[in-house]
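K.L.:
One file is attached below, my_file-v7.cif, containing mmCIF, C-alpha atoms and all ligand atoms.
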```
data_structure
#
loop_
_atom_site.label_atom_id
_atom_site.label_comp_id
_atom_site.auth_asym_id
_atom_site.auth_seq_id
_atom_site.Cartn_x
_atom_site.Cartn_y
_atom_site.Cartn_z
CA MET K 72 -20.35 8.31 -16.54
CA SER K 73 -21.26 5.02 -14.91
CA ASN K 74 -24.52 4.64 -13.00
CA GLU K 75 -22.55 3.75 -9.93
CA SER K 76 -20.59 6.96 -10.12
CA ARG K 77 -23.70 9.05 -10.65
CA ALA K 78 -25.37 7.44 -7.62
CA GLY K 79 -22.27 8.30 -5.63
CA ARG K 80 -22.44 11.89 -6.72
CA GLU K 81 -26.07 12.24 -5.82
CA ALA K 82 -25.41 10.63 -2.48
CA ALA K 83 -22.63 13.07 -1.73
CA PRO K 84 -23.82 14.80 1.42
CA ARG K 85 -23.48 18.48 2.25
CA ASN K 86 -23.38 17.89 5.96
CA HIS K 87 -23.37 14.64 7.72
CA PRO K 88 -23.36 14.34 11.48
CA LEU K 89 -22.37 10.81 12.42
CA SER K 90 -25.20 8.29 12.51
CA ASP K 91 -25.64 6.18 15.65
CA VAL K 92 -23.87 3.27 13.97
CA ALA K 93 -20.94 5.43 12.94
CA ALA K 94 -20.78 7.24 16.28
CA ASP K 95 -20.70 3.90 18.09
CA LEU K 96 -17.74 2.71 16.02
CA VAL K 97 -15.88 5.99 16.45
CA GLY K 98 -16.58 5.81 20.20
CA ARG K 99 -15.15 2.29 20.45
CA GLU K 100 -12.06 3.20 18.47
CA LYS K 101 -11.45 6.18 20.70
CA ALA K 102 -12.16 4.20 23.86
CA PHE K 103 -9.89 1.25 23.11
CA GLY K 104 -7.26 2.55 20.72
CA ALA K 105 -4.13 4.56 21.35
CA ASN K 106 -4.82 8.11 20.38
CA ASN K 107 -2.15 8.53 17.70
CA TYR K 108 -4.55 9.41 14.84
CA ASP K 109 -7.25 12.02 14.38
CA PRO K 110 -9.33 10.52 11.53
CA LEU K 111 -11.85 12.43 9.48
CA PRO K 112 -15.41 11.77 10.70
CA VAL K 113 -16.26 8.99 8.27
CA VAL K 114 -16.40 5.26 8.97
CA LEU K 115 -15.60 3.26 5.84
CA THR K 116 -16.82 -0.23 5.21
CA ARG K 117 -16.48 -0.90 1.47
CA GLY K 118 -14.30 0.04 -1.46
CA GLN K 119 -14.32 -0.67 -5.16
CA GLY K 120 -12.01 1.07 -7.58
CA SER K 121 -11.91 4.77 -6.78
CA TRP K 122 -15.06 4.72 -4.66
CA VAL K 123 -15.55 3.84 -1.02
CA SER K 124 -18.70 3.78 1.10
CA ASP K 125 -19.32 4.41 4.75
CA VAL K 126 -21.39 2.43 7.22
CA ASP K 127 -24.44 4.58 6.38
CA GLY K 128 -24.22 3.80 2.69
CA ARG K 129 -22.84 7.17 1.59
CA ARG K 130 -20.27 7.02 -1.18
CA TYR K 131 -17.05 8.96 -1.52
CA LEU K 132 -14.56 9.39 -4.31
CA ASP K 133 -11.13 8.53 -2.92
CA LEU K 134 -8.59 11.21 -3.86
CA MET K 135 -6.19 10.04 -1.17
CA SER K 136 -5.64 6.36 -2.00
CA ALA K 137 -4.38 5.54 1.50
CA TYR K 138 -1.26 7.65 0.90
CA SER K 139 -0.76 5.82 -2.44
CA ALA K 140 -1.10 2.34 -0.95
CA VAL K 141 -4.25 2.07 -3.05
CA SER K 142 -2.74 3.43 -6.27
CA PHE K 143 -4.45 0.71 -8.28
CA GLY K 144 -7.87 1.22 -6.69
CA HIS K 145 -9.72 -0.55 -3.90
CA SER K 146 -10.13 -4.31 -4.13
CA HIS K 147 -8.91 -4.56 -7.69
CA PRO K 148 -10.51 -7.83 -8.89
CA ARG K 149 -7.29 -9.14 -10.38
CA ILE K 150 -5.25 -8.44 -7.24
CA VAL K 151 -7.99 -9.84 -4.99
CA ALA K 152 -8.08 -13.00 -7.13
CA ALA K 153 -4.31 -13.40 -6.78
CA LEU K 154 -4.60 -12.89 -3.01
CA ILE K 155 -7.31 -15.53 -2.64
CA ALA K 156 -5.64 -18.07 -4.90
CA GLN K 157 -2.28 -17.72 -3.17
CA ALA K 158 -3.83 -17.70 0.32
CA GLN K 159 -5.46 -21.02 -0.50
CA GLN K 160 -2.18 -22.45 -1.72
CA LEU K 161 0.59 -21.17 0.54
CA GLY K 162 0.66 -17.99 2.63
CA VAL K 163 3.70 -17.60 4.85
CA THR K 164 6.82 -19.74 4.92
CA SER K 165 9.47 -17.52 6.47
CA ARG K 166 12.69 -17.34 4.54
CA ALA K 167 14.10 -20.37 6.25
CA TYR K 168 12.94 -22.03 3.00
CA PHE K 169 12.63 -21.05 -0.63
CA ASN K 170 9.17 -20.53 -2.05
CA ASP K 171 7.88 -20.56 -5.61
CA GLU K 172 6.61 -16.94 -5.75
CA LEU K 173 9.37 -14.73 -4.37
CA PRO K 174 11.96 -15.41 -7.09
CA TYR K 175 9.54 -14.12 -9.73
CA LEU K 176 8.89 -10.95 -7.74
CA PHE K 177 12.63 -10.38 -7.39
CA GLU K 178 13.13 -10.82 -11.12
CA ARG K 179 10.23 -8.50 -11.84
CA LEU K 180 11.52 -5.73 -9.58
CA VAL K 181 15.00 -6.02 -11.01
CA ARG K 182 13.63 -5.74 -14.54
CA LEU K 183 11.46 -2.76 -13.59
CA THR K 184 14.07 -0.73 -11.72
CA GLY K 185 17.26 -1.67 -13.56
CA LEU K 186 18.86 -2.41 -10.18
CA PRO K 187 20.17 -5.95 -9.70
CA ARG K 188 19.23 -7.09 -6.17
CA VAL K 189 16.12 -7.05 -3.99
CA LEU K 190 15.59 -7.31 -0.25
CA PRO K 191 11.89 -7.67 0.63
CA ALA K 192 10.16 -6.31 3.73
CA ASN K 193 6.64 -5.39 4.81
CA GLY K 194 5.93 -1.79 5.78
CA GLY K 195 7.74 1.19 4.35
CA ALA K 196 9.61 2.18 7.49
CA GLU K 197 11.02 -1.34 7.74
CA ALA K 198 12.41 -1.05 4.23
CA VAL K 199 13.91 2.36 5.01
CA GLU K 200 15.60 0.86 8.09
CA THR K 201 16.89 -1.93 5.90
CA ALA K 202 18.35 0.56 3.43
CA LEU K 203 20.00 2.53 6.25
CA LYS K 204 21.51 -0.64 7.70
CA ALA K 205 22.81 -1.61 4.27
CA ALA K 206 24.25 1.87 3.74
CA ARG K 207 26.02 1.90 7.11
CA LYS K 208 27.49 -1.52 6.59
CA TRP K 209 28.59 -0.58 3.08
CA GLY K 210 30.21 2.52 4.55
CA HIS K 211 32.15 0.51 7.10
CA LYS K 212 33.02 -2.59 5.10
CA ILE K 213 33.37 -1.31 1.55
CA LYS K 214 34.06 2.41 1.67
CA GLY K 215 36.39 2.03 4.66
CA ILE K 216 34.73 4.40 7.11
CA PRO K 217 35.98 3.56 10.63
CA GLU K 218 33.57 1.11 12.33
CA GLY K 219 30.65 2.85 14.02
CA ARG K 220 31.31 6.23 12.39
CA ALA K 221 29.22 6.09 9.21
CA GLU K 222 26.99 9.09 8.60
CA ILE K 223 23.72 9.33 6.69
CA ILE K 224 22.46 12.62 5.30
CA GLY K 225 18.74 13.23 4.78
CA CYS K 226 16.69 16.28 3.85
CA GLN K 227 14.83 18.81 5.90
CA GLY K 228 11.09 18.20 5.69
CA ASN K 229 11.61 14.51 4.91
CA PHE K 230 9.23 11.71 5.73
CA HIS K 231 10.61 8.18 5.81
CA GLY K 232 8.40 6.56 8.44
CA ARG K 233 8.19 6.33 12.20
CA THR K 234 10.92 4.10 13.60
CA ILE K 235 13.38 5.58 16.06
CA ALA K 236 16.26 5.76 13.57
CA VAL K 237 14.03 7.21 10.90
CA ILE K 238 12.51 9.89 13.12
CA GLY K 239 16.05 10.61 14.25
CA LEU K 240 16.42 11.99 10.74
CA SER K 241 13.12 13.88 10.84
CA THR K 242 12.98 17.66 11.18
CA GLU K 243 9.34 17.65 12.29
CA PRO K 244 9.35 18.49 16.03
CA GLN K 245 6.13 16.56 16.74
CA TYR K 246 7.49 13.36 15.20
CA ARG K 247 10.51 13.50 17.54
CA ASP K 248 9.12 15.01 20.72
CA GLY K 249 9.66 12.64 23.63
CA PHE K 250 10.99 9.79 21.49
CA GLY K 251 14.73 10.35 21.85
CA PRO K 252 17.52 9.56 22.28
CA PHE K 253 18.13 9.03 18.59
CA PRO K 254 20.98 7.12 16.94
CA PRO K 255 24.04 9.21 16.07
CA GLY K 256 25.33 9.66 12.55
CA LEU K 257 22.18 11.24 11.10
CA SER K 258 21.98 14.79 9.75
CA THR K 259 19.89 16.84 7.35
CA VAL K 260 20.39 19.47 4.66
CA PRO K 261 17.81 21.76 3.03
CA TYR K 262 15.73 19.93 0.40
CA GLY K 263 16.32 21.14 -3.13
CA ASP K 264 19.80 22.54 -2.40
CA SER K 265 22.49 20.33 -3.91
CA ASP K 266 25.31 22.69 -2.84
CA ALA K 267 24.21 22.20 0.76
CA LEU K 268 24.48 18.45 0.24
CA GLU K 269 28.00 18.75 -1.12
CA ARG K 270 29.07 20.97 1.81
CA ALA K 271 27.63 18.47 4.31
CA ILE K 272 29.46 15.44 2.89
CA THR K 273 32.48 14.28 4.89
CA PRO K 274 34.81 11.30 4.41
CA ARG K 275 32.51 9.44 6.83
CA THR K 276 29.34 10.00 4.78
CA ALA K 277 27.92 6.68 3.62
CA ALA K 278 24.64 7.74 2.01
CA PHE K 279 22.24 10.46 1.05
CA LEU K 280 18.58 9.49 1.52
CA VAL K 281 16.06 11.54 -0.44
CA GLU K 282 12.46 11.55 -1.66
CA PRO K 283 12.31 12.60 -5.34
CA ILE K 284 9.21 14.60 -4.38
CA GLN K 285 8.49 15.15 -0.69
CA GLY K 286 5.03 13.74 0.01
CA GLU K 287 4.22 14.21 3.70
CA GLY K 288 6.37 17.33 3.62
CA GLY K 289 3.66 18.96 1.47
CA ILE K 290 4.08 17.65 -2.11
CA ILE K 291 7.32 19.58 -2.50
CA VAL K 292 8.76 19.31 -6.02
CA PRO K 293 12.48 20.16 -5.99
CA PRO K 294 13.98 22.47 -8.63
CA PRO K 295 14.68 20.85 -12.02
CA GLY K 296 18.09 19.23 -12.13
CA TYR K 297 18.30 18.78 -8.36
CA LEU K 298 18.31 14.99 -8.26
CA ALA K 299 20.67 14.73 -11.21
CA ARG K 300 23.13 17.09 -9.47
CA CYS K 301 22.78 15.14 -6.22
CA ALA K 302 23.54 11.95 -8.13
CA GLU K 303 26.66 13.52 -9.62
CA ILE K 304 27.82 14.85 -6.22
CA CYS K 305 27.24 11.47 -4.59
CA ARG K 306 29.18 9.69 -7.31
CA ARG K 307 32.09 12.13 -7.00
CA HIS K 308 32.32 11.68 -3.21
CA ARG K 309 31.57 7.96 -3.25
CA VAL K 310 28.37 8.44 -1.31
CA LEU K 311 25.37 6.17 -1.94
CA LEU K 312 22.27 7.81 -3.34
CA ILE K 313 19.15 6.17 -1.90
CA CYS K 314 15.78 7.28 -3.26
CA ASP K 315 12.78 6.69 -1.04
CA GLU K 316 10.11 6.00 -3.67
CA ILE K 317 7.68 4.43 -1.23
CA GLN K 318 5.10 7.06 -2.15
CA THR K 319 6.40 8.45 -5.46
CA GLY K 320 7.16 5.07 -7.04
CA LEU K 321 5.13 2.77 -9.27
CA GLY K 322 3.59 5.41 -11.48
CA ARG K 323 2.40 7.96 -8.94
CA THR K 324 4.28 10.88 -10.52
CA GLY K 325 3.78 9.88 -14.16
CA ARG K 326 6.95 7.80 -14.39
CA LEU K 327 7.50 4.32 -13.07
CA LEU K 328 9.96 5.84 -10.59
CA ALA K 329 10.02 9.55 -9.87
CA CYS K 330 13.82 9.58 -10.17
CA GLU K 331 13.37 8.79 -13.88
CA HIS K 332 12.20 12.38 -14.39
CA GLU K 333 15.87 13.27 -13.98
CA GLY K 334 17.25 10.27 -15.80
CA ILE K 335 19.15 8.90 -12.83
CA THR K 336 19.62 5.42 -11.43
CA PRO K 337 20.30 5.63 -7.70
CA ASP K 338 22.30 3.04 -5.75
CA ALA K 339 19.08 1.93 -4.11
CA VAL K 340 15.38 2.53 -4.48
CA ILE K 341 12.92 1.88 -1.67
CA LEU K 342 9.44 0.75 -2.69
CA GLY K 343 6.34 0.18 -0.58
CA LYS K 344 2.74 1.34 -0.38
CA ALA K 345 1.38 0.66 -3.92
CA LEU K 346 3.56 -2.46 -4.16
CA GLY K 347 1.05 -4.18 -1.86
CA GLY K 348 -1.74 -3.65 -4.39
CA GLY K 349 -3.93 -1.97 -1.76
CA LEU K 350 -4.30 -5.27 0.09
CA LEU K 351 -1.12 -6.06 2.01
CA PRO K 352 1.97 -4.30 3.33
CA VAL K 353 4.73 -5.13 0.85
CA SER K 354 7.98 -3.19 0.61
CA ALA K 355 11.44 -3.72 -0.80
CA VAL K 356 14.88 -2.26 -1.12
CA VAL K 357 16.20 -2.69 -4.66
CA GLY K 358 19.88 -1.90 -4.89
CA SER K 359 23.20 -2.19 -6.66
CA ASP K 360 25.44 -5.23 -6.28
CA ASP K 361 28.01 -2.99 -4.64
CA LEU K 362 25.55 -2.12 -1.87
CA MET K 363 23.69 -5.38 -1.50
CA GLN K 364 26.87 -7.48 -1.26
CA VAL K 365 27.13 -6.37 2.38
CA PHE K 366 24.43 -8.81 3.43
CA ASN K 367 25.46 -12.29 4.45
CA PRO K 368 23.10 -14.97 5.78
CA GLY K 369 21.99 -14.00 9.27
CA ASP K 370 22.93 -10.29 8.98
CA HIS K 371 19.37 -9.13 8.55
CA GLY K 372 15.92 -10.62 8.18
CA SER K 373 12.18 -10.34 8.51
CA THR K 374 9.77 -13.15 9.40
CA PHE K 375 7.07 -11.96 7.02
CA GLY K 376 9.28 -10.21 4.44
CA GLY K 377 9.08 -11.94 1.06
CA ASN K 378 6.29 -14.34 1.98
CA PRO K 379 4.60 -16.02 -1.00
CA LEU K 380 1.27 -14.32 -0.33
CA ALA K 381 2.87 -10.87 -0.40
CA ALA K 382 4.91 -11.80 -3.48
CA ALA K 383 1.85 -13.01 -5.40
CA VAL K 384 -0.11 -9.87 -4.51
CA ALA K 385 2.80 -7.58 -5.44
CA MET K 386 3.16 -9.33 -8.80
CA ALA K 387 -0.55 -8.94 -9.50
CA ALA K 388 -0.24 -5.26 -8.58
CA LEU K 389 2.66 -4.89 -11.05
CA ASP K 390 0.59 -6.72 -13.69
CA VAL K 391 -2.19 -4.17 -13.23
CA LEU K 392 0.29 -1.29 -13.39
CA GLU K 393 1.60 -2.58 -16.72
CA GLU K 394 -1.57 -3.86 -18.34
CA GLU K 395 -3.67 -0.82 -17.51
CA LYS K 396 -0.75 1.38 -18.62
CA LEU K 397 -1.06 3.33 -15.40
CA VAL K 398 2.27 5.12 -15.66
CA ALA K 399 1.19 6.87 -18.87
CA ARG K 400 -2.27 7.38 -17.46
CA SER K 401 -0.90 9.07 -14.36
CA ALA K 402 1.21 11.40 -16.52
CA GLU K 403 -1.70 12.30 -18.78
CA LEU K 404 -4.47 12.64 -16.17
CA GLY K 405 -2.07 14.38 -13.81
CA GLU K 406 -1.15 17.01 -16.34
CA TRP K 407 -4.84 17.64 -16.98
CA LEU K 408 -5.64 17.73 -13.25
CA ILE K 409 -2.85 20.17 -12.38
CA GLY K 410 -3.97 22.40 -15.26
CA GLU K 411 -7.56 22.37 -14.04
CA LEU K 412 -6.59 23.06 -10.45
CA ALA K 413 -4.16 25.81 -11.47
CA ASP K 414 -7.31 27.54 -12.74
CA LEU K 415 -8.55 27.86 -9.15
CA LYS K 416 -8.32 31.62 -9.25
CA SER K 417 -8.93 32.02 -5.56
CA HIS K 418 -6.86 34.21 -3.29
CA ILE K 419 -7.21 31.45 -0.68
CA VAL K 420 -5.01 29.23 -2.87
CA ARG K 421 -1.28 29.96 -2.70
CA ASP K 422 -0.03 27.24 -4.99
CA VAL K 423 -1.01 24.16 -6.95
CA ARG K 424 1.88 21.81 -7.61
CA GLY K 425 2.79 18.23 -8.24
CA ARG K 426 3.66 15.69 -10.87
CA GLY K 427 1.45 13.03 -12.35
CA LEU K 428 -1.40 12.20 -9.99
CA PHE K 429 0.55 13.47 -6.99
CA VAL K 430 -0.80 16.94 -6.41
CA GLY K 431 -0.93 19.44 -3.56
CA ILE K 432 -3.17 22.48 -3.23
CA GLU K 433 -1.53 24.86 -0.79
CA VAL K 434 -3.96 27.25 0.90
CA ASP K 435 -3.04 30.59 2.39
CA ALA K 436 -2.79 30.24 6.18
CA ARG K 437 -3.94 33.86 6.58
CA TYR K 438 -7.42 32.73 5.51
CA ILE K 439 -7.74 29.02 6.16
CA THR K 440 -5.83 25.83 6.94
CA ALA K 441 -6.06 22.60 4.98
CA ARG K 442 -8.08 20.57 7.49
CA PRO K 443 -11.37 22.53 7.12
CA VAL K 444 -10.97 22.29 3.33
CA VAL K 445 -10.59 18.53 3.66
CA ASP K 446 -13.63 18.36 5.98
CA ARG K 447 -15.69 20.34 3.48
CA LEU K 448 -14.56 18.10 0.63
CA LEU K 449 -15.65 15.11 2.71
CA ALA K 450 -19.09 16.65 3.05
CA ARG K 451 -19.14 16.89 -0.75
CA GLY K 452 -18.32 13.19 -1.09
CA ILE K 453 -14.57 13.43 -1.61
CA LEU K 454 -11.77 11.91 0.46
CA SER K 455 -8.62 14.02 0.56
CA LYS K 456 -6.07 14.67 3.27
CA ASP K 457 -4.36 17.68 4.75
CA THR K 458 -0.61 17.52 5.11
CA HIS K 459 1.77 19.94 6.71
CA GLY K 460 -0.99 22.27 7.89
CA THR K 461 -1.73 24.09 4.66
CA VAL K 462 -1.56 21.51 1.88
CA VAL K 463 -4.52 19.49 0.58
CA ARG K 464 -3.18 16.29 -0.93
CA ILE K 465 -4.88 15.06 -4.10
CA ALA K 466 -3.61 11.61 -5.09
CA PRO K 467 -6.38 9.44 -6.54
CA PRO K 468 -5.99 5.86 -7.69
CA LEU K 469 -4.07 5.93 -10.99
CA ASN K 470 -6.95 4.13 -12.70
CA ILE K 471 -9.58 6.67 -11.65
CA SER K 472 -11.94 7.42 -14.55
CA ARG K 473 -11.60 10.76 -16.26
CA ASP K 474 -15.29 11.44 -15.53
CA ASP K 475 -14.87 10.85 -11.84
CA LEU K 476 -11.78 13.04 -11.74
CA ALA K 477 -13.61 15.79 -13.65
CA TRP K 478 -16.46 15.59 -11.16
CA ALA K 479 -13.95 15.96 -8.30
CA VAL K 480 -12.40 18.99 -10.01
CA SER K 481 -15.83 20.62 -10.33
CA GLN K 482 -16.48 19.98 -6.63
CA ILE K 483 -13.12 21.47 -5.65
CA HIS K 484 -13.83 24.56 -7.77
CA ALA K 485 -17.30 24.89 -6.24
CA LEU K 486 -15.90 24.56 -2.73
CA PHE K 487 -13.32 27.29 -3.25
CA ARG K 488 -16.00 29.59 -4.71
CA GLU K 489 -18.07 28.92 -1.61
CA LEU K 490 -15.13 29.58 0.71
CA GLU K 491 -14.37 32.86 -1.11
CA ALA K 492 -17.97 33.97 -0.70
CA GLU K 493 -17.95 33.11 3.00
CA LEU K 494 -14.74 35.03 3.56
CA LYS K 495 -16.16 38.03 1.74
CA ARG K 496 -19.29 37.96 3.87
CA ALA K 497 -17.21 37.67 7.04
CA ALA K 498 -14.99 40.60 6.03
C1 LIG N 1 4.64 6.30 3.86
C2 LIG N 1 6.08 6.54 3.67
C3 LIG N 1 7.05 5.83 4.41
C4 LIG N 1 6.67 4.87 5.53
O1 LIG N 1 5.90 3.81 5.11
P1 LIG N 1 5.07 2.96 6.19
O2 LIG N 1 4.51 1.83 5.40
O3 LIG N 1 4.01 3.88 6.74
O4 LIG N 1 6.02 2.54 7.25
C5 LIG N 1 8.37 6.04 4.12
N1 LIG N 1 8.74 6.91 3.16
C6 LIG N 1 7.86 7.62 2.45
C7 LIG N 1 8.33 8.54 1.38
C8 LIG N 1 6.50 7.47 2.68
O5 LIG N 1 5.62 8.20 2.00
#
```
Show me this structure written as structure tokens.
Ligand SMILES: *Cc1c(COP(=O)(O)O)cnc(C)c1O
P.N.:
Amino acid sequence: MSNESRAGREAAPRNHPLSDVAADLVGREKAFGANNYDPLPVVLTRGQGSWVSDVDGRRYLDLMSAYSAVSFGHSHPRIVAALIAQAQQLGVTSRAYFNDELPYLFERLVRLTGLPRVLPANGGAEAVETALKAARKWGHKIKGIPEGRAEIIGCQGNFHGRTIAVIGLSTEPQYRDGFGPFPPGLSTVPYGDSDALERAITPRTAAFLVEPIQGEGGIIVPPPGYLARCAEICRRHRVLLICDEIQTGLGRTGRLLACEHEGITPDAVILGKALGGGLLPVSAVVGSDDLMQVFNPGDHGSTFGGNPLAAAVAMAALDVLEEEKLVARSAELGEWLIGELADLKSHIVRDVRGRGLFVGIEVDARYITARPVVDRLLARGILSKDTHGTVVRIAPPLNISRDDLAWAVSQIHALFRELEAELKRAA
């Protein structure tokens, strides 16, 4: 155990009303910002590896990793060095010109995914939009679907971002409420049910968009064989299979891509989050020649997509992923973590599930929801995040130390013992 980590543990507060400094910052954010987030009551100012600190100097172990954007830890020295060096050399060019970083990132992503062509973007939702545009155009120009009639099938409980088209595919009422009308040609089928997919396919279906494990939906792991059957169904009906690996990709689930668990190569993979090394928004669609041939100069673009700064940072992030062997580490630590958490013999806990370091603890709504659990973990010096009401998401940086993870596990066990005792007293 490092001294730093131990200090963090000792600093972990039981209760921490906001200090004046923190309250002032929270007040300003609430006064001047749109109210579309409800953050936990902690104001962060520093991060290094798996640890972050707040404006009052308290330290927290990050088991959330900014929804996997920080899969390689906060301010990884190697990625920061690449950022600084590239920023000093050449930052943004637009793609009106070639640059001397992007080609290497393309080559790297092609080698990693086994798919031949890359289209770079920034945020995840932008890459999903790009994939949907590609799929529709492929449907019309290559598959022969009548112009303007292409259909895309997604899954119930999906999360692919927040643009209008993408929320048009969402089944979460809050994500859609008031934001319509939505584009036509989008529908959903139950997640995990490949027969439902096959029934929903029509001659106008261009693509099936799916997360190999649903993240925001509550860390939902589909039944074994699901993705492989979907791939077979898509092939048989000449429907593109597009895997949204924005959150599950780059080692999160113990494989480089989560779709590798089922031995499939989709027609396109969407990457984001961790690809930016925890420093920048970097995303990409990596797809087959058949799909990517639909793009001609001028069809689609992005001012910042593929800029040399983003490319250099993404390559440094991929270097870290490879050199620190984080895919294997995620598999190994994840298996250990899920085993330890499965030991939470608490009747408050309904389920512990996940793959690699992508884990959800589902609590029983009859006793508690996830948010108070997350608040209580914060008070113990741990950042986690509730999702879907009853699921506590545990997704630390893939290079978290085993000691730190073990400490987190002991805190989680202690918290659930405490919650049990409180419930018993209240009964
Ligand atoms: C986070 C996420 C997105 C959206 O990414 P943004 O960068 O927030 O736009 C899309 N798909 C999945 C699976 C995600 O987890």
K.L.:
Can you list, as a VMD selection string, every protein, DNA or RNA residue that comes within 8 Å of region 139-155 of chain K when you count all atoms listed in the file, leaving out same-chain residues fewer than 5 positions away?
P.N.:
chain K and resid 118 to 123 318 323 343 to 350 380 383 to 384 387 to 388 391 to 392 466 to 471
K.L.:
Store the residues picked out above, limited to C-alpha atoms, as a PDB file, in the frame of the given file.
P.N.:
```
ATOM      1  CA  GLY K 118     -14.300   0.040  -1.460  1.00  0.00           C
ATOM      2  CA  GLN K 119     -14.320  -0.670  -5.160  1.00  0.00           C
ATOM      3  CA  GLY K 120     -12.010   1.070  -7.580  1.00  0.00           C
ATOM      4  CA  SER K 121     -11.910   4.770  -6.780  1.00  0.00           C
ATOM      5  CA  TRP K 122     -15.060   4.720  -4.660  1.00  0.00           C
ATOM      6  CA  VAL K 123     -15.550   3.840  -1.020  1.00  0.00           C
ATOM      7  CA  GLN K 318       5.100   7.060  -2.150  1.00  0.00           C
ATOM      8  CA  ARG K 323       2.400   7.960  -8.940  1.00  0.00           C
ATOM      9  CA  GLY K 343       6.340   0.180  -0.580  1.00  0.00           C
ATOM     10  CA  LYS K 344       2.740   1.340  -0.380  1.00  0.00           C
ATOM     11  CA  ALA K 345       1.380   0.660  -3.920  1.00  0.00           C
ATOM     12  CA  LEU K 346       3.560  -2.460  -4.160  1.00  0.00           C
ATOM     13  CA  GLY K 347       1.050  -4.180  -1.860  1.00  0.00           C
ATOM     14  CA  GLY K 348      -1.740  -3.650  -4.390  1.00  0.00           C
ATOM     15  CA  GLY K 349      -3.930  -1.970  -1.760  1.00  0.00           C
ATOM     16  CA  LEU K 350      -4.300  -5.270   0.090  1.00  0.00           C
ATOM     17  CA  LEU K 380       1.270 -14.320  -0.330  1.00  0.00           C
ATOM     18  CA  ALA K 383       1.850 -13.010  -5.400  1.00  0.00           C
ATOM     19  CA  VAL K 384      -0.110  -9.870  -4.510  1.00  0.00           C
ATOM     20  CA  ALA K 387      -0.550  -8.940  -9.500  1.00  0.00           C
ATOM     21  CA  ALA K 388      -0.240  -5.260  -8.580  1.00  0.00           C
ATOM     22  CA  VAL K 391      -2.190  -4.170 -13.230  1.00  0.00           C
ATOM     23  CA  LEU K 392       0.290  -1.290 -13.390  1.00  0.00           C
ATOM     24  CA  ALA K 466      -3.610  11.610  -5.090  1.00  0.00           C
ATOM     25  CA  PRO K 467      -6.380   9.440  -6.540  1.00  0.00           C
ATOM     26  CA  PRO K 468      -5.990   5.860  -7.690  1.00  0.00           C
ATOM     27  CA  LEU K 469      -4.070   5.930 -10.990  1.00  0.00           C
ATOM     28  CA  ASN K 470      -6.950   4.130 -12.700  1.00  0.00           C
ATOM     29  CA  ILE K 471      -9.580   6.670 -11.650  1.00  0.00           C
TER      30      ILE K 471
END
```
K.L.:
Distance CA of Tyr108 (chain K)-CA of Ile439 (chain K), one decimal place?
P.N.:
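Computing the Euclidean distance for CA of Tyr108 (chain K) and CA of Ile439 (chain K) yields 21.7 Å.
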K.L.:
Report, in Å with one decimal, the straight-line distance from CA of Pro252 (chain K) to CA of Val237 (chain K).
P.N.:
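Going from CA of Pro252 (chain K) over to CA of Val237 (chain K) covers 12.1 Å.
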K.L.:
Got a sec to check which residues lie within 7 Å of ligand LIG 1 (chain N), using only C-alpha atoms and all ligand atoms, and send them as a PyMOL selection string?
P.N.:
chain K and resi 138+194-197+199+230-233+282+285-287+315-318+343-344+352
K.L.:
Quick one: of K:Leu134, K:Val114, K:Leu404, K:Cys330, who's nearest to Glu100 (chain K), counting all atoms listed in the file?
P.N.:
K:Val114
K.L.:
Between K:Ala267, K:Val462, K:Ile313, K:Met386, single out the one closest to Glu178 (chain K), counting only C-alpha atoms.
P.N.:
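Closest to Glu178 (chain K) of all the choices is K:Met386.
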